[in-house]
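Undergrad: Sending over a structure as structure tokens; questions will come in a sec.
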Amino acid sequence: MVAFGKKLKDRQIQEWQGYYINYKLMKKRVRQYAQQIELGTQDRRHVLKDFSRMLDNQIEKIVLFLLEEQGLLASRIEKLGEHHNALQEEPEIHKISELREAYRAVGQDLLKLLSFVEINAIGLRKILKKFDKRFGYRFTDYYVKTRANHPYSQLQQVFKHVGLGAVVGALSRNLHELQDRQGSSYLSIYDQPTLPLQDPVIDSIKAAADRLTNSTNFLNFLGQHALIMQEELPTPSEEHVDDESYQFMSLLLNLANTFLYMINTYIIVPTADDYSMSLGAAPTVCGIVIGAMAVAQVFSSVYFSAWSNKSYFRPLVFSSIVLFLGNILYALAYDINSIWVLLIGRLLCGFGSARAVNRRYISDCVPLRIRMQASAGFVSASALGMACGPALAGVLQTKFKIWKLTFNQDTLPGWVMAVAWMVYLIWLCINFKEPSHDTEENHTESQSNDEENSALEKGLNQPLLITSEDKVDEDADQDCDESEEAPEESRKPANSFRAAYRLLTPSVKVQLLIYFMLKYVMEILLSESSVITTYYFKWTTSTVSIFLACLGLTVLPVNIVVGSYISNMFEDRQILLASELMVFIGVVLSFNIIFPYSEPQYICSGLLLFVSAEVLEGVNLSLLSRVMSSRLSRGTYNGGLLSTEAGTIARVIADATITLAGYLGESRLLNITLIPSLFIAISSILATCYTYNSLY
């Protein structure tokens, strides 16, 4: 893996070399500071002051050059504008073509300037983090807080690229006017703003500009939920995925696996309490029944993550067979009259969770140009499955017998899913094409990511200061002065949970805590819904199914609103904190304390809780992918696996809480299960406030 210093040097524009951040010098100075403090020849206060002055000088150098280049581009556009005005009076086709090419030449130079800003912004952020890591300070917090909004600070000039937007707008407007009518008539983008400008230079400029801003869209925001990480400054070989190794049908099969698995997870929720009672258990045992799948997934995530290093097809086949058998046992438990068979069936379903393989396939085998769409498709498949599961359970309200087998609302989910997995297995064997693993064997940084693996796609549109935090290993602190190449050992992926845990910074730990919290409160809401609504409101299985299906159907509309509008107006850390507060309010409103518990209170508080948690999940996973070490973006014990385990353990604890609280009586179940949710929500809010400025 190539160290950031070498990538920075390779990506520099030679004629601008003296204006880039002197990353090598600053790393060397950080090492000198460490030696001086260790020898007692320098005090920490002087180190902070000296390092701050050095950063200010570096930023000033970058900004002054940026302003100079912006002025040159503006001057060129102004001169071209004079020719443009002259052509309006006497249009000539060949001159219009020449003018269009001249504007595109300015666009190519603007692309170079955008790349200049991006590289410097990443370098500044990396050196800040390196300083914090070496000395154990919260210097980034201090530096950003004191510079971000100061009237004389130039930090915002780098990270908000003030003025470049006007240059982009001028280029777009003039090229748009020259595009269609070849000078005979002109259409303005301001008159018809919805008309797309089909120009590759402008498309490239917009893509580059999106990487420097908070600008986002629905597809990008949705893709954040996939937590698929990539290098910040990928080398050409890292950017390329051979189209020949990609097959659309194989991708579709992975998405179908995700869709079916989510249906399988939630199809039993409306009837789990009734099924438990029919087998002689308490209705609150539904917590164990639902949670058994999550318990098994804690272990299956690890072996599927390791297995996907060698194959994608065989893990998917194994997953389908295990899920088929698990659903058969789940359905047969009714006639065998055994709660243990029921639990074993659900455990087998959990052992068949191949979501790690699904995400790994998208990360490694889907070309970069469509990886955003594939990632968003993965999230959409999950959301649709989550909605279809309870809805399907509501449809399966019938009862009949074939031979000695009973088919009713309790067993039909198992039989239907068994048939679905058998059909899927046949489809898989016929159409799946195993891609080559040569690249992964020779290139260990292939990005293996699991369950909630977020936001490769966000890399196309995230603000620079908070883009993927150090996808080139920050641990390469043992830098070599001459080569900038960190020791190979410091860039190897973590080979155990213990090694992975040692790579977790406070910011990463806080994001994992938030992820744990949102999964816990969502599991409490969904898993106990049938018991709570039956006890308080006498809801039928069909009513519970409709309620849960409606919750699931809010996922995509909410993401459209947040991804297309809210994310464009606020920073991710602001949305994160606001969403946590809304989750907290949703938990508080869910308590049954003073007034008689009513359906409007339950529905409104549940909807607020679920929607807020969905918004929180997307932003949380996006931030998690940015603050996580690059060593956690590769190998078996990757960041995706850690987030998967955090979320799965949260679900297991939530389901266990429901079952244990059930022993105190159904009348106390609601409040008892909400108390831990309240405590965890408060803890996550306090932790976010503590690390808030490090998420800038």
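Residues in the structure tokens are named by chain (A, B, ... in the order shown) and by number from 1 within that chain; ligands are numbered from 1 in the order shown.
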Leaving out stretch 69-71 of chain A and any residue of its chain fewer than 2 positions from it, which residues lie within 12 Å of it when counting only C-alpha atoms, given as a PyMOL selection string?

TA: chain A and resi 16+19+62-67+73-78+106-107+109-114+116-117+161-168

Undergrad: Check the DSSP output for the backbone and give back, as a PyMOL selection string, the residues of stretch 271-431 of chain A in strand (DSSP E or B).

TA: chain A and resi 400-402+405-407

Undergrad: Go ahead and write the selection's residues with N, CA, C and O atoms as an mmCIF file, in the first residue's frame.

TA:
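Written output follows (again_24.cif):
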```cif
data_model
loop_
_atom_site.group_PDB
_atom_site.id
_atom_site.type_symbol
_atom_site.label_atom_id
_atom_site.label_comp_id
_atom_site.auth_asym_id
_atom_site.auth_seq_id
_atom_site.Cartn_x
_atom_site.Cartn_y
_atom_site.Cartn_z
ATOM 1 N N PHE A 400 -54.573 -24.253 7.299
ATOM 2 C CA PHE A 400 -54.974 -25.516 6.677
ATOM 3 C C PHE A 400 -53.902 -26.558 6.963
ATOM 4 O O PHE A 400 -52.811 -26.237 7.473
ATOM 5 N N LYS A 401 -54.219 -27.820 6.628
ATOM 6 C CA LYS A 401 -53.276 -28.916 6.860
ATOM 7 C C LYS A 401 -53.068 -29.700 5.583
ATOM 8 O O LYS A 401 -53.991 -29.898 4.800
ATOM 9 N N ILE A 402 -51.843 -30.107 5.358
ATOM 10 C CA ILE A 402 -51.504 -31.026 4.283
ATOM 11 C C ILE A 402 -50.789 -32.197 4.921
ATOM 12 O O ILE A 402 -49.681 -32.050 5.461
ATOM 13 N N LEU A 405 -48.788 -31.819 8.307
ATOM 14 C CA LEU A 405 -48.130 -30.519 8.450
ATOM 15 C C LEU A 405 -49.165 -29.407 8.549
ATOM 16 O O LEU A 405 -50.099 -29.333 7.747
ATOM 17 N N THR A 406 -49.000 -28.540 9.546
ATOM 18 C CA THR A 406 -49.913 -27.425 9.773
ATOM 19 C C THR A 406 -49.389 -26.170 9.087
ATOM 20 O O THR A 406 -48.211 -25.817 9.219
ATOM 21 N N PHE A 407 -50.274 -25.499 8.374
ATOM 22 C CA PHE A 407 -49.935 -24.232 7.725
ATOM 23 C C PHE A 407 -50.859 -23.157 8.293
ATOM 24 O O PHE A 407 -52.066 -23.175 8.039
#
```

Undergrad: Residues within 8 Å of stretch 591-599 of chain A, please, as a PyMOL selection string. Count only C-alpha atoms; anything in the same chain fewer than 2 positions from it doesn't count.

TA: chain A and resi 536-537+587-589+601-603+670-671+674

Undergrad: So what do you get for atom CA of A:Ile202 versus atom CA of A:Lys79, distance-wise?

TA: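 Between atom CA of A:Ile202 and atom CA of A:Lys79 the gap is 19.5 Å.
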
Undergrad: So that I can see what lies close to A:Ala687, please list as a short mmCIF file (atom, residue, chain, number, x, y, z; two decimals) with N, CA, C and O atoms, in the first residue's frame the residues with an atom at most 9 Å from it, counting only C-alpha atoms and leaving out residues fewer than 4 positions away in the same chain.

TA:
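Written output follows (selection-v7.cif):
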```cif
data_model
loop_
_atom_site.label_atom_id
_atom_site.label_comp_id
_atom_site.auth_asym_id
_atom_site.auth_seq_id
_atom_site.Cartn_x
_atom_site.Cartn_y
_atom_site.Cartn_z
N SER A 507 -13.07 9.26 18.48
CA SER A 507 -14.15 9.59 17.54
C SER A 507 -14.81 8.33 16.98
O SER A 507 -16.03 8.27 16.83
N VAL A 510 -16.98 6.68 19.66
CA VAL A 510 -18.24 7.40 19.85
C VAL A 510 -19.22 7.05 18.73
O VAL A 510 -20.41 6.81 18.97
N GLN A 511 -18.74 6.98 17.48
CA GLN A 511 -19.63 6.63 16.37
C GLN A 511 -20.14 5.20 16.50
O GLN A 511 -21.30 4.91 16.17
N LEU A 513 -20.61 3.72 19.38
CA LEU A 513 -21.60 3.81 20.46
C LEU A 513 -22.93 4.31 19.91
O LEU A 513 -24.00 3.78 20.27
N ILE A 514 -22.88 5.31 19.05
CA ILE A 514 -24.11 5.83 18.45
C ILE A 514 -24.80 4.76 17.63
O ILE A 514 -26.03 4.60 17.67
N ILE A 682 -28.83 9.21 26.09
CA ILE A 682 -28.18 10.33 26.79
C ILE A 682 -26.67 10.21 26.70
O ILE A 682 -25.95 11.19 26.44
N SER A 683 -26.16 8.99 26.90
CA SER A 683 -24.71 8.76 26.83
C SER A 683 -24.15 9.10 25.46
O SER A 683 -23.09 9.71 25.34
N THR A 691 -16.82 14.93 21.35
CA THR A 691 -15.97 14.79 20.15
C THR A 691 -16.49 15.62 18.98
O THR A 691 -16.07 15.43 17.84
N TYR A 692 -17.39 16.56 19.24
CA TYR A 692 -18.10 17.27 18.17
C TYR A 692 -17.14 17.96 17.20
O TYR A 692 -17.29 17.85 15.99
#
```

Undergrad: Looking at A:Lys129, A:Lys24, A:Arg29, A:Lys433, which one is nearest to A:Lys7, with distances taken over only C-alpha atoms?

TA: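 So, comparing all the options, the nearest one is A:Lys24.
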
Undergrad: Using Å and a single decimal, report how far atom CA of A:Leu624 sits from atom CA of A:Cys365.

TA: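 These two atoms are separated by 22.8 Å.
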
Undergrad: Run DSSP on the backbone of this structure and report the residues of stretch 342-452 of chain A it assigns to helix (DSSP H, G or I), as JSON, numbers by chain.

TA: {"A": [342, 343, 344, 345, 346, 347, 348, 349, 350, 351, 355, 356, 357, 358, 359, 360, 361, 362, 363, 364, 365, 368, 369, 370, 371, 372, 373, 374, 375, 376, 377, 378, 379, 380, 381, 382, 383, 384, 385, 386, 387, 388, 389, 390, 391, 392, 393, 394, 395, 412, 413, 414, 415, 416, 417, 418, 419, 420, 421, 422, 423, 424, 425, 426, 427, 428, 429, 430, 431, 438, 439, 440, 441, 442]}

Undergrad: Would you work out the distance separating atom CA of A:Asn174 from atom CA of A:Gln12, expressed in Å to one decimal?

TA: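 Spanning atom CA of A:Asn174 to atom CA of A:Gln12 is a straight-line distance of 29.4 Å.
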
Undergrad: What's the 8 Å shell around A:Val508, counting only C-alpha atoms, without same-chain residues fewer than 3 positions away, as a list of chain:residue names?

TA: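 Counting only C-alpha atoms, the residues come to A:Leu504, A:Thr505, A:Gln511, A:Leu512, A:Leu624, A:Val627, A:Met628.
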
Undergrad: Let me see the file: selected residues, N, CA and C atoms, as a compact mmCIF listing (two decimals), in the first residue's frame.

TA:
```txt
# COMPACT_ATOMS: atom_id res chain seq x y z
N LEU A 504 -8.90 1.98 17.26
CA LEU A 504 -10.07 2.83 17.42
C LEU A 504 -9.72 4.10 18.17
N THR A 505 -9.94 5.23 17.54
CA THR A 505 -9.75 6.53 18.18
C THR A 505 -11.02 6.88 18.96
N GLN A 511 -18.74 6.98 17.48
CA GLN A 511 -19.63 6.63 16.37
C GLN A 511 -20.14 5.20 16.50
N LEU A 512 -19.31 4.30 17.00
CA LEU A 512 -19.77 2.92 17.23
C LEU A 512 -20.79 2.88 18.36
N LEU A 624 -18.48 7.58 10.35
CA LEU A 624 -17.65 6.46 10.79
C LEU A 624 -16.63 6.08 9.72
N VAL A 627 -13.65 8.73 9.88
CA VAL A 627 -12.73 8.83 11.01
C VAL A 627 -12.02 7.51 11.29
N MET A 628 -12.27 6.50 10.49
CA MET A 628 -11.72 5.17 10.74
C MET A 628 -10.39 4.98 10.03
```

Undergrad: Would you tabulate, counting only C-alpha atoms, all residues of stretch 241-282 of chain A that have an atom at most 10 Å from an atom of stretch 301-323 of chain A, showing the closest pair of atoms and their distance in Å to one decimal, sorted by chain then ascending number, as CSV?

TA:
```
residue,atom,partner,partner_atom,distance
A:Ser250,CA,A:Phe313,CA,9.2
A:Leu253,CA,A:Leu316,CA,9.3
A:Asn254,CA,A:Leu316,CA,8.3
A:Asn257,CA,A:Leu316,CA,8.1
A:Tyr261,CA,A:Leu323,CA,8.7
A:Asn264,CA,A:Leu323,CA,8.8
```
